[in-house]
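Some notes on the structure that comes next.
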Amino acid sequence: MNAKGRVHKFGDNVDTDVIIPARYLNTASHKELAAHCMEDIDAQFVNKVQEGDIMVAEKNFGCGSSREHAPIAIKASGISCVIASTFARIFYRNSINIGLPILECDDAAREIKDGDTVSVNFDTGVITDETTGKTYQAEPFPEFIQNIISKGGLINSIIE
């Protein structure tokens, strides 16, 4: 599995209420959630993001509520992968459960800039900033998590 896209960069402590504001949680529509993804931190995010883009953030990404709406909104917006220094534990698990690949790599999260083009090899954990040529090493996903992500989430991985 691989991902490649333009980076949308965020800082520390991006909480789930910033990822998808609570005023939009009355819908189960992934498309509607995506339409409001990140709007309180970057009002133009939904106009800039393209299918396959990559989100990079620093420490404690996804802190806050335990609702799956946040990773769903990110995935439905077109983001193919989130790279951060650290993730809130429940956000990490919710992301895997819905099939959104996320990687922890502090050096990559601090050094990669907004607008850079980044590629990720999930089999090896290698993150390449194609804009600068620098590579970073994240922990690759174990096979069972790769299976969950490739099937689009936990439920899909167990019903086949």
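So you can find residues: chains in the structure tokens are A, B, ... in the order shown, residues in each start at 1, and ligands are numbered from 1 in order.
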List the neighbours of A:Ile72 out to 9 Å using only C-alpha atoms; skip same-chain residues closer than 2 positions along the sequence, and give me the result as a count of residues only.
-> 15
Would you list the contacts of A:Thr131 as a tab-separated table (two decimals) with all heavy atoms, in the first residue's frame, taking every protein, DNA or RNA residue within 10 Å and counting only C-alpha atoms, but skipping same-chain residues closer than 4 positions in sequence?
```
chain	number	residue	atom	x	y	z
A	6	ARG	N	-0.24	16.05	-1.78
A	6	ARG	CA	0.19	17.36	-1.28
A	6	ARG	C	-0.18	17.45	0.20
A	6	ARG	O	-1.24	16.99	0.62
A	6	ARG	CB	-0.49	18.47	-2.08
A	6	ARG	CG	-0.01	19.86	-1.75
A	6	ARG	CD	-0.59	20.87	-2.72
A	6	ARG	NE	-2.02	20.73	-2.91
A	6	ARG	CZ	-2.93	21.41	-2.22
A	6	ARG	NH1	-2.58	22.29	-1.33
A	6	ARG	NH2	-4.21	21.21	-2.46
A	112	ILE	N	8.23	18.37	7.71
A	112	ILE	CA	7.48	18.49	6.46
A	112	ILE	C	6.65	19.77	6.51
A	112	ILE	O	6.05	20.10	7.52
A	112	ILE	CB	6.59	17.24	6.25
A	112	ILE	CG1	7.49	16.02	5.98
A	112	ILE	CG2	5.61	17.46	5.11
A	112	ILE	CD1	6.75	14.70	5.95
A	113	LYS	N	6.64	20.48	5.40
A	113	LYS	CA	5.96	21.78	5.31
A	113	LYS	C	4.64	21.68	4.55
A	113	LYS	O	4.46	20.81	3.69
A	113	LYS	CB	6.86	22.81	4.61
A	113	LYS	CG	8.23	22.98	5.21
A	113	LYS	CD	8.17	23.67	6.54
A	113	LYS	CE	9.56	23.95	7.06
A	113	LYS	NZ	9.74	23.61	8.43
A	115	GLY	N	2.11	22.14	1.79
A	115	GLY	CA	2.30	22.25	0.35
A	115	GLY	C	3.34	21.31	-0.23
A	115	GLY	O	3.40	21.13	-1.45
A	116	ASP	N	4.19	20.71	0.61
A	116	ASP	CA	5.16	19.73	0.11
A	116	ASP	C	4.41	18.54	-0.49
A	116	ASP	O	3.26	18.26	-0.13
A	116	ASP	CB	6.06	19.21	1.24
A	116	ASP	CG	7.12	20.20	1.69
A	116	ASP	OD1	7.18	21.32	1.14
A	116	ASP	OD2	7.89	19.85	2.61
A	117	THR	N	5.06	17.82	-1.38
A	117	THR	CA	4.52	16.56	-1.89
A	117	THR	C	5.21	15.44	-1.14
A	117	THR	O	6.45	15.40	-1.06
A	117	THR	CB	4.77	16.42	-3.40
A	117	THR	OG1	4.07	17.48	-4.06
A	117	THR	CG2	4.27	15.08	-3.92
A	118	VAL	N	4.42	14.54	-0.59
A	118	VAL	CA	4.94	13.46	0.25
A	118	VAL	C	4.40	12.14	-0.26
A	118	VAL	O	3.23	12.04	-0.66
A	118	VAL	CB	4.53	13.69	1.73
A	118	VAL	CG1	4.78	12.46	2.57
A	118	VAL	CG2	5.29	14.88	2.30
```
If we count only C-alpha atoms, what is near stretch 78-83 of chain A at a cut-off of 9 Å, once residues fewer than 2 positions away on the same chain are taken out, given as a ChimeraX atom specification?
-> /A:3-5,34,49-58,73-76,85-86,100-106,108-109,120
Write a file of the just-selected residues containing N, CA, C and O atoms, as a short mmCIF file (atom, residue, chain, number, x, y, z; two decimals), in the first residue's frame.
```cif
data_model
loop_
_atom_site.label_atom_id
_atom_site.label_comp_id
_atom_site.auth_asym_id
_atom_site.auth_seq_id
_atom_site.Cartn_x
_atom_site.Cartn_y
_atom_site.Cartn_z
N ALA A 3 0.74 5.82 -0.57
CA ALA A 3 -0.02 7.06 -0.69
C ALA A 3 0.94 8.12 -1.19
O ALA A 3 2.14 8.07 -0.94
N LYS A 4 0.39 9.09 -1.93
CA LYS A 4 1.19 10.21 -2.40
C LYS A 4 0.27 11.40 -2.59
O LYS A 4 -0.80 11.27 -3.20
N GLY A 5 0.68 12.54 -2.04
CA GLY A 5 -0.15 13.72 -2.19
C GLY A 5 0.48 14.97 -1.63
O GLY A 5 1.57 14.93 -1.06
N ALA A 34 -17.44 15.59 5.46
CA ALA A 34 -16.26 16.05 4.71
C ALA A 34 -16.38 17.51 4.31
O ALA A 34 -15.38 18.24 4.28
N VAL A 49 -8.24 20.77 -0.57
CA VAL A 49 -7.89 19.35 -0.49
C VAL A 49 -8.31 18.63 -1.77
O VAL A 49 -9.35 18.92 -2.36
N GLN A 50 -7.45 17.72 -2.19
CA GLN A 50 -7.72 16.88 -3.36
C GLN A 50 -7.56 15.43 -2.95
O GLN A 50 -6.82 15.10 -2.02
N GLU A 51 -8.23 14.57 -3.68
CA GLU A 51 -8.16 13.14 -3.41
C GLU A 51 -6.70 12.68 -3.37
O GLU A 51 -5.94 12.97 -4.27
N GLY A 52 -6.34 12.00 -2.30
CA GLY A 52 -4.98 11.48 -2.16
C GLY A 52 -4.05 12.36 -1.36
O GLY A 52 -2.94 11.94 -1.01
N ASP A 53 -4.46 13.59 -1.04
CA ASP A 53 -3.60 14.48 -0.25
C ASP A 53 -3.32 13.87 1.12
O ASP A 53 -3.99 12.93 1.57
N ILE A 54 -2.31 14.44 1.79
CA ILE A 54 -1.84 13.92 3.06
C ILE A 54 -1.91 15.03 4.11
O ILE A 54 -1.54 16.17 3.84
N MET A 55 -2.38 14.67 5.29
CA MET A 55 -2.45 15.61 6.40
C MET A 55 -1.26 15.33 7.32
O MET A 55 -0.97 14.17 7.63
N VAL A 56 -0.58 16.40 7.72
CA VAL A 56 0.54 16.28 8.65
C VAL A 56 0.26 17.21 9.82
O VAL A 56 -0.16 18.36 9.63
N ALA A 57 0.46 16.71 11.03
CA ALA A 57 0.24 17.50 12.23
C ALA A 57 1.32 17.16 13.24
O ALA A 57 2.10 16.23 13.04
N GLU A 58 1.34 17.90 14.31
CA GLU A 58 2.37 17.65 15.31
C GLU A 58 1.82 16.82 16.46
O GLU A 58 1.21 15.79 16.22
N ALA A 73 -14.59 12.22 8.67
CA ALA A 73 -14.57 13.49 7.94
C ALA A 73 -13.25 13.66 7.18
O ALA A 73 -13.24 14.09 6.02
N ILE A 74 -12.15 13.30 7.82
CA ILE A 74 -10.83 13.42 7.17
C ILE A 74 -10.75 12.49 5.97
O ILE A 74 -10.39 12.91 4.87
N LYS A 75 -11.11 11.23 6.16
CA LYS A 75 -11.04 10.26 5.06
C LYS A 75 -11.98 10.65 3.92
O LYS A 75 -11.59 10.63 2.75
N ALA A 76 -13.19 11.05 4.26
CA ALA A 76 -14.18 11.41 3.24
C ALA A 76 -13.79 12.68 2.49
O ALA A 76 -14.22 12.88 1.36
N SER A 85 3.22 13.64 15.02
CA SER A 85 4.19 13.27 16.06
C SER A 85 3.57 12.25 16.99
O SER A 85 4.18 11.23 17.31
N THR A 86 2.35 12.54 17.45
CA THR A 86 1.59 11.61 18.30
C THR A 86 0.11 11.81 18.02
O THR A 86 -0.32 12.88 17.58
N LEU A 100 -8.62 4.56 7.82
CA LEU A 100 -7.79 5.73 7.53
C LEU A 100 -6.37 5.46 8.01
O LEU A 100 -6.14 5.33 9.22
N PRO A 101 -5.40 5.36 7.11
CA PRO A 101 -4.02 5.11 7.53
C PRO A 101 -3.43 6.31 8.27
O PRO A 101 -3.55 7.45 7.81
N ILE A 102 -2.82 6.05 9.41
CA ILE A 102 -2.15 7.09 10.18
C ILE A 102 -0.80 6.57 10.65
O ILE A 102 -0.66 5.40 10.98
N LEU A 103 0.19 7.45 10.65
CA LEU A 103 1.54 7.08 11.04
C LEU A 103 2.11 8.09 12.02
O LEU A 103 1.96 9.30 11.82
N GLU A 104 2.78 7.60 13.05
CA GLU A 104 3.49 8.47 13.97
C GLU A 104 4.95 8.56 13.55
O GLU A 104 5.62 7.53 13.40
N CYS A 105 5.41 9.78 13.34
CA CYS A 105 6.82 10.01 13.01
C CYS A 105 7.14 11.46 13.36
O CYS A 105 6.79 12.38 12.61
N ASP A 106 7.76 11.66 14.50
CA ASP A 106 8.00 13.00 15.02
C ASP A 106 8.84 13.86 14.07
O ASP A 106 8.48 15.01 13.80
N ALA A 108 9.27 13.65 10.80
CA ALA A 108 8.50 13.99 9.61
C ALA A 108 7.45 15.05 9.95
O ALA A 108 7.28 16.02 9.22
N ALA A 109 6.77 14.87 11.07
CA ALA A 109 5.71 15.79 11.45
C ALA A 109 6.25 17.20 11.70
O ALA A 109 5.59 18.18 11.37
N VAL A 120 4.22 7.88 0.84
CA VAL A 120 4.30 6.98 1.99
C VAL A 120 4.21 5.55 1.49
O VAL A 120 3.32 5.22 0.71
#
```
Find the residue from A:Arg110, A:Arg67, A:Arg89, A:Lys151 that sits nearest to A:Ile19; use only C-alpha atoms when measuring.
->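 Under the stated criterion, the closest residue is A:Arg67.
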Selection near A:Asn121, 9 Å with only C-alpha atoms, sequence-local residues under 5 positions removed, as JSON, numbers by chain | {"A": [1, 2, 3, 4, 126, 127, 128, 140]}
Identify, with DSSP run on backbone atoms, the residues in stretch 34-134 of chain A assigned to helix (DSSP H, G or I), and express the list as an mmCIF file with all heavy atoms, in the first residue's frame.
```cif
data_model
loop_
_atom_site.group_PDB
_atom_site.id
_atom_site.type_symbol
_atom_site.label_atom_id
_atom_site.label_comp_id
_atom_site.auth_asym_id
_atom_site.auth_seq_id
_atom_site.Cartn_x
_atom_site.Cartn_y
_atom_site.Cartn_z
ATOM 1 N N ALA A 34 -17.441 15.594 5.459
ATOM 2 C CA ALA A 34 -16.260 16.048 4.708
ATOM 3 C C ALA A 34 -16.380 17.513 4.307
ATOM 4 O O ALA A 34 -15.383 18.238 4.282
ATOM 5 C CB ALA A 34 -16.056 15.175 3.476
ATOM 6 N N PHE A 45 -9.870 24.735 3.729
ATOM 7 C CA PHE A 45 -9.381 23.356 3.612
ATOM 8 C C PHE A 45 -10.176 22.551 2.581
ATOM 9 O O PHE A 45 -9.594 21.916 1.704
ATOM 10 C CB PHE A 45 -9.407 22.655 4.972
ATOM 11 C CG PHE A 45 -9.039 21.204 4.896
ATOM 12 C CD1 PHE A 45 -7.714 20.817 4.764
ATOM 13 C CD2 PHE A 45 -10.012 20.212 4.920
ATOM 14 C CE1 PHE A 45 -7.361 19.470 4.683
ATOM 15 C CE2 PHE A 45 -9.672 18.871 4.828
ATOM 16 C CZ PHE A 45 -8.349 18.508 4.709
ATOM 17 N N VAL A 46 -11.499 22.574 2.683
ATOM 18 C CA VAL A 46 -12.311 21.742 1.784
ATOM 19 C C VAL A 46 -12.212 22.191 0.333
ATOM 20 O O VAL A 46 -12.463 21.392 -0.568
ATOM 21 C CB VAL A 46 -13.793 21.661 2.223
ATOM 22 C CG1 VAL A 46 -13.911 20.958 3.559
ATOM 23 C CG2 VAL A 46 -14.443 23.016 2.256
ATOM 24 N N ASN A 47 -11.822 23.432 0.105
ATOM 25 C CA ASN A 47 -11.631 23.914 -1.267
ATOM 26 C C ASN A 47 -10.246 23.566 -1.806
ATOM 27 O O ASN A 47 -10.055 23.501 -3.015
ATOM 28 C CB ASN A 47 -11.841 25.430 -1.337
ATOM 29 C CG ASN A 47 -13.249 25.819 -0.955
ATOM 30 O OD1 ASN A 47 -14.207 25.152 -1.319
ATOM 31 N ND2 ASN A 47 -13.380 26.890 -0.200
ATOM 32 N N LYS A 48 -9.291 23.350 -0.910
ATOM 33 C CA LYS A 48 -7.911 23.059 -1.306
ATOM 34 C C LYS A 48 -7.609 21.568 -1.410
ATOM 35 O O LYS A 48 -6.794 21.161 -2.228
ATOM 36 C CB LYS A 48 -6.924 23.677 -0.303
ATOM 37 C CG LYS A 48 -6.951 25.181 -0.220
ATOM 38 C CD LYS A 48 -5.893 25.725 0.713
ATOM 39 C CE LYS A 48 -6.123 25.352 2.147
ATOM 40 N NZ LYS A 48 -5.200 25.985 3.092
ATOM 41 N N HIS A 69 -16.606 10.433 14.012
ATOM 42 C CA HIS A 69 -16.879 11.457 13.008
ATOM 43 C C HIS A 69 -15.600 12.133 12.515
ATOM 44 O O HIS A 69 -15.504 12.473 11.331
ATOM 45 C CB HIS A 69 -17.818 12.528 13.575
ATOM 46 C CG HIS A 69 -19.179 12.027 13.909
ATOM 47 N ND1 HIS A 69 -19.438 11.306 15.051
ATOM 48 C CD2 HIS A 69 -20.365 12.154 13.259
ATOM 49 C CE1 HIS A 69 -20.725 11.007 15.086
ATOM 50 N NE2 HIS A 69 -21.312 11.504 14.007
ATOM 51 N N ALA A 70 -14.630 12.344 13.409
ATOM 52 C CA ALA A 70 -13.409 13.071 13.017
ATOM 53 C C ALA A 70 -12.606 12.314 11.959
ATOM 54 O O ALA A 70 -12.333 12.863 10.888
ATOM 55 C CB ALA A 70 -12.570 13.402 14.242
ATOM 56 N N PRO A 71 -12.214 11.057 12.189
ATOM 57 C CA PRO A 71 -11.485 10.368 11.121
ATOM 58 C C PRO A 71 -12.344 10.124 9.880
ATOM 59 O O PRO A 71 -11.821 10.139 8.764
ATOM 60 C CB PRO A 71 -11.015 9.054 11.760
ATOM 61 C CG PRO A 71 -11.811 8.882 12.989
ATOM 62 C CD PRO A 71 -12.251 10.250 13.424
ATOM 63 N N ILE A 72 -13.643 9.952 10.055
ATOM 64 C CA ILE A 72 -14.522 9.788 8.888
ATOM 65 C C ILE A 72 -14.493 11.053 8.034
ATOM 66 O O ILE A 72 -14.382 10.986 6.810
ATOM 67 C CB ILE A 72 -15.962 9.441 9.315
ATOM 68 C CG1 ILE A 72 -16.020 8.010 9.853
ATOM 69 C CG2 ILE A 72 -16.946 9.630 8.162
ATOM 70 C CD1 ILE A 72 -17.331 7.644 10.543
ATOM 71 N N ALA A 73 -14.592 12.224 8.674
ATOM 72 C CA ALA A 73 -14.569 13.494 7.937
ATOM 73 C C ALA A 73 -13.252 13.658 7.183
ATOM 74 O O ALA A 73 -13.242 14.091 6.023
ATOM 75 C CB ALA A 73 -14.780 14.669 8.892
ATOM 76 N N ILE A 74 -12.146 13.302 7.820
ATOM 77 C CA ILE A 74 -10.833 13.418 7.173
ATOM 78 C C ILE A 74 -10.754 12.492 5.967
ATOM 79 O O ILE A 74 -10.391 12.912 4.865
ATOM 80 C CB ILE A 74 -9.702 13.120 8.181
ATOM 81 C CG1 ILE A 74 -9.618 14.231 9.227
ATOM 82 C CG2 ILE A 74 -8.362 12.941 7.464
ATOM 83 C CD1 ILE A 74 -8.705 13.914 10.400
ATOM 84 N N LYS A 75 -11.107 11.233 6.157
ATOM 85 C CA LYS A 75 -11.036 10.259 5.064
ATOM 86 C C LYS A 75 -11.976 10.654 3.924
ATOM 87 O O LYS A 75 -11.588 10.626 2.749
ATOM 88 C CB LYS A 75 -11.376 8.861 5.582
ATOM 89 C CG LYS A 75 -11.267 7.780 4.533
ATOM 90 C CD LYS A 75 -11.575 6.416 5.127
ATOM 91 C CE LYS A 75 -11.516 5.339 4.053
ATOM 92 N NZ LYS A 75 -11.908 4.026 4.585
ATOM 93 N N ALA A 76 -13.193 11.047 4.261
ATOM 94 C CA ALA A 76 -14.175 11.410 3.236
ATOM 95 C C ALA A 76 -13.792 12.681 2.490
ATOM 96 O O ALA A 76 -14.224 12.885 1.358
ATOM 97 C CB ALA A 76 -15.558 11.557 3.867
ATOM 98 N N SER A 77 -12.948 13.521 3.093
ATOM 99 C CA SER A 77 -12.505 14.744 2.414
ATOM 100 C C SER A 77 -11.501 14.446 1.302
ATOM 101 O O SER A 77 -11.225 15.308 0.476
ATOM 102 C CB SER A 77 -11.889 15.728 3.414
ATOM 103 O OG SER A 77 -10.591 15.316 3.798
ATOM 104 N N ARG A 89 -5.055 8.349 21.660
ATOM 105 C CA ARG A 89 -5.231 6.902 21.515
ATOM 106 C C ARG A 89 -6.553 6.520 20.862
ATOM 107 O O ARG A 89 -6.596 5.663 19.982
ATOM 108 C CB ARG A 89 -5.107 6.211 22.871
ATOM 109 C CG ARG A 89 -3.680 6.210 23.376
ATOM 110 C CD ARG A 89 -3.558 5.595 24.734
ATOM 111 N NE ARG A 89 -4.044 4.213 24.703
ATOM 112 C CZ ARG A 89 -4.187 3.478 25.777
ATOM 113 N NH1 ARG A 89 -3.897 3.955 26.955
ATOM 114 N NH2 ARG A 89 -4.632 2.254 25.676
ATOM 115 N N ILE A 90 -7.658 7.138 21.284
ATOM 116 C CA ILE A 90 -8.953 6.765 20.717
ATOM 117 C C ILE A 90 -9.054 7.183 19.256
ATOM 118 O O ILE A 90 -9.638 6.478 18.438
ATOM 119 C CB ILE A 90 -10.132 7.309 21.562
ATOM 120 C CG1 ILE A 90 -11.452 6.675 21.130
ATOM 121 C CG2 ILE A 90 -10.218 8.831 21.488
ATOM 122 C CD1 ILE A 90 -11.587 5.215 21.451
ATOM 123 N N PHE A 91 -8.454 8.318 18.893
ATOM 124 C CA PHE A 91 -8.453 8.739 17.490
ATOM 125 C C PHE A 91 -7.658 7.736 16.659
ATOM 126 O O PHE A 91 -8.072 7.368 15.557
ATOM 127 C CB PHE A 91 -7.850 10.145 17.335
ATOM 128 C CG PHE A 91 -7.847 10.614 15.915
ATOM 129 C CD1 PHE A 91 -8.944 11.278 15.387
ATOM 130 C CD2 PHE A 91 -6.753 10.383 15.082
ATOM 131 C CE1 PHE A 91 -8.959 11.695 14.057
ATOM 132 C CE2 PHE A 91 -6.755 10.795 13.756
ATOM 133 C CZ PHE A 91 -7.862 11.448 13.252
ATOM 134 N N TYR A 92 -6.530 7.277 17.184
ATOM 135 C CA TYR A 92 -5.705 6.298 16.482
ATOM 136 C C TYR A 92 -6.534 5.049 16.170
ATOM 137 O O TYR A 92 -6.589 4.592 15.032
ATOM 138 C CB TYR A 92 -4.479 5.936 17.321
ATOM 139 C CG TYR A 92 -3.487 5.060 16.599
ATOM 140 C CD1 TYR A 92 -2.402 5.621 15.933
ATOM 141 C CD2 TYR A 92 -3.620 3.675 16.566
ATOM 142 C CE1 TYR A 92 -1.484 4.827 15.253
ATOM 143 C CE2 TYR A 92 -2.711 2.872 15.890
ATOM 144 C CZ TYR A 92 -1.644 3.457 15.235
ATOM 145 O OH TYR A 92 -0.752 2.665 14.565
ATOM 146 N N ARG A 93 -7.207 4.534 17.193
ATOM 147 C CA ARG A 93 -7.977 3.298 16.993
ATOM 148 C C ARG A 93 -9.173 3.532 16.079
ATOM 149 O O ARG A 93 -9.486 2.706 15.221
ATOM 150 C CB ARG A 93 -8.446 2.737 18.344
ATOM 151 C CG ARG A 93 -9.047 1.362 18.219
ATOM 152 C CD ARG A 93 -8.028 0.385 17.658
ATOM 153 N NE ARG A 93 -8.669 -0.447 16.651
ATOM 154 C CZ ARG A 93 -8.136 -1.538 16.134
ATOM 155 N NH1 ARG A 93 -6.936 -1.931 16.505
ATOM 156 N NH2 ARG A 93 -8.768 -2.224 15.240
ATOM 157 N N ASN A 94 -9.859 4.662 16.243
ATOM 158 C CA ASN A 94 -10.992 4.963 15.362
ATOM 159 C C ASN A 94 -10.541 5.078 13.908
ATOM 160 O O ASN A 94 -11.260 4.659 13.005
ATOM 161 C CB ASN A 94 -11.693 6.252 15.794
ATOM 162 C CG ASN A 94 -12.587 6.066 16.998
ATOM 163 O OD1 ASN A 94 -13.000 4.964 17.320
ATOM 164 N ND2 ASN A 94 -12.888 7.171 17.682
ATOM 165 N N SER A 95 -9.373 5.641 13.689
ATOM 166 C CA SER A 95 -8.854 5.776 12.320
ATOM 167 C C SER A 95 -8.633 4.415 11.681
ATOM 168 O O SER A 95 -9.041 4.187 10.538
ATOM 169 C CB SER A 95 -7.555 6.590 12.318
ATOM 170 O OG SER A 95 -7.808 7.911 12.743
ATOM 171 N N ILE A 96 -7.992 3.531 12.406
ATOM 172 C CA ILE A 96 -7.777 2.174 11.883
ATOM 173 C C ILE A 96 -9.132 1.501 11.650
ATOM 174 O O ILE A 96 -9.359 0.873 10.613
ATOM 175 C CB ILE A 96 -6.909 1.336 12.844
ATOM 176 C CG1 ILE A 96 -5.521 1.978 13.030
ATOM 177 C CG2 ILE A 96 -6.801 -0.118 12.366
ATOM 178 C CD1 ILE A 96 -4.706 2.176 11.786
ATOM 179 N N ASN A 97 -10.056 1.651 12.596
ATOM 180 C CA ASN A 97 -11.375 1.012 12.475
ATOM 181 C C ASN A 97 -12.120 1.437 11.222
ATOM 182 O O ASN A 97 -12.885 0.645 10.665
ATOM 183 C CB ASN A 97 -12.240 1.310 13.699
ATOM 184 C CG ASN A 97 -11.815 0.526 14.917
ATOM 185 O OD1 ASN A 97 -11.018 -0.402 14.842
ATOM 186 N ND2 ASN A 97 -12.340 0.913 16.061
ATOM 187 N N ILE A 98 -11.929 2.685 10.777
ATOM 188 C CA ILE A 98 -12.650 3.144 9.578
ATOM 189 C C ILE A 98 -11.768 3.092 8.326
ATOM 190 O O ILE A 98 -12.198 3.494 7.254
ATOM 191 C CB ILE A 98 -13.271 4.555 9.781
ATOM 192 C CG1 ILE A 98 -12.223 5.643 10.052
ATOM 193 C CG2 ILE A 98 -14.294 4.523 10.891
ATOM 194 C CD1 ILE A 98 -12.036 6.551 8.895
ATOM 195 N N ASP A 106 7.763 11.659 14.500
ATOM 196 C CA ASP A 106 8.001 12.998 15.020
ATOM 197 C C ASP A 106 8.835 13.861 14.073
ATOM 198 O O ASP A 106 8.479 15.012 13.803
ATOM 199 C CB ASP A 106 8.668 12.911 16.399
ATOM 200 C CG ASP A 106 8.768 14.259 17.077
ATOM 201 O OD1 ASP A 106 7.746 14.977 17.141
ATOM 202 O OD2 ASP A 106 9.878 14.602 17.538
ATOM 203 N N ASP A 107 9.928 13.326 13.551
ATOM 204 C CA ASP A 107 10.778 14.123 12.653
ATOM 205 C C ASP A 107 10.013 14.565 11.408
ATOM 206 O O ASP A 107 10.084 15.721 11.005
ATOM 207 C CB ASP A 107 12.027 13.337 12.230
ATOM 208 C CG ASP A 107 13.029 13.164 13.361
ATOM 209 O OD1 ASP A 107 12.949 13.920 14.350
ATOM 210 O OD2 ASP A 107 13.891 12.275 13.252
ATOM 211 N N ALA A 108 9.272 13.649 10.804
ATOM 212 C CA ALA A 108 8.497 13.991 9.608
ATOM 213 C C ALA A 108 7.451 15.051 9.947
ATOM 214 O O ALA A 108 7.280 16.023 9.220
ATOM 215 C CB ALA A 108 7.825 12.748 9.030
ATOM 216 N N ALA A 109 6.767 14.866 11.069
ATOM 217 C CA ALA A 109 5.707 15.791 11.454
ATOM 218 C C ALA A 109 6.247 17.202 11.699
ATOM 219 O O ALA A 109 5.594 18.184 11.372
ATOM 220 C CB ALA A 109 4.992 15.274 12.700
ATOM 221 N N ARG A 110 7.429 17.298 12.259
ATOM 222 C CA ARG A 110 8.014 18.619 12.528
ATOM 223 C C ARG A 110 8.609 19.263 11.288
ATOM 224 O O ARG A 110 8.538 20.471 11.113
ATOM 225 C CB ARG A 110 9.091 18.514 13.611
ATOM 226 C CG ARG A 110 8.535 18.350 15.021
ATOM 227 C CD ARG A 110 9.587 18.351 16.113
ATOM 228 N NE ARG A 110 10.423 17.140 16.073
ATOM 229 C CZ ARG A 110 11.663 17.087 15.593
ATOM 230 N NH1 ARG A 110 12.241 18.153 15.122
ATOM 231 N NH2 ARG A 110 12.334 15.953 15.595
ATOM 232 N N GLU A 111 9.199 18.465 10.392
ATOM 233 C CA GLU A 111 9.980 19.022 9.290
ATOM 234 C C GLU A 111 9.214 19.208 7.982
ATOM 235 O O GLU A 111 9.540 20.102 7.202
ATOM 236 C CB GLU A 111 11.215 18.141 9.050
ATOM 237 C CG GLU A 111 12.173 18.164 10.234
ATOM 238 C CD GLU A 111 13.363 17.217 10.072
ATOM 239 O OE1 GLU A 111 13.584 16.696 8.952
ATOM 240 O OE2 GLU A 111 14.057 16.988 11.078
#
```
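Between atom CA of A:Ile159 and atom CA of A:Phe122 lies a distance of 23.4 Å.
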If we count only C-alpha atoms, what is near A:Phe61 at a cut-off of 8 Å, once residues fewer than 4 positions away on the same chain are taken out, given as a list of chain:residue names?
-> A:Asp12, A:Asn13, A:Val14, A:Asp15, A:Ala57, A:Ala84, A:Thr86, A:Phe87, A:Ala88, A:Phe91
Would you mind writing down, as a ChimeraX atom specification, each residue of stretch 4-83 of chain A that DSSP on the backbone assigns to strand (DSSP E)?
-> /A:4-9,54-57,81-83
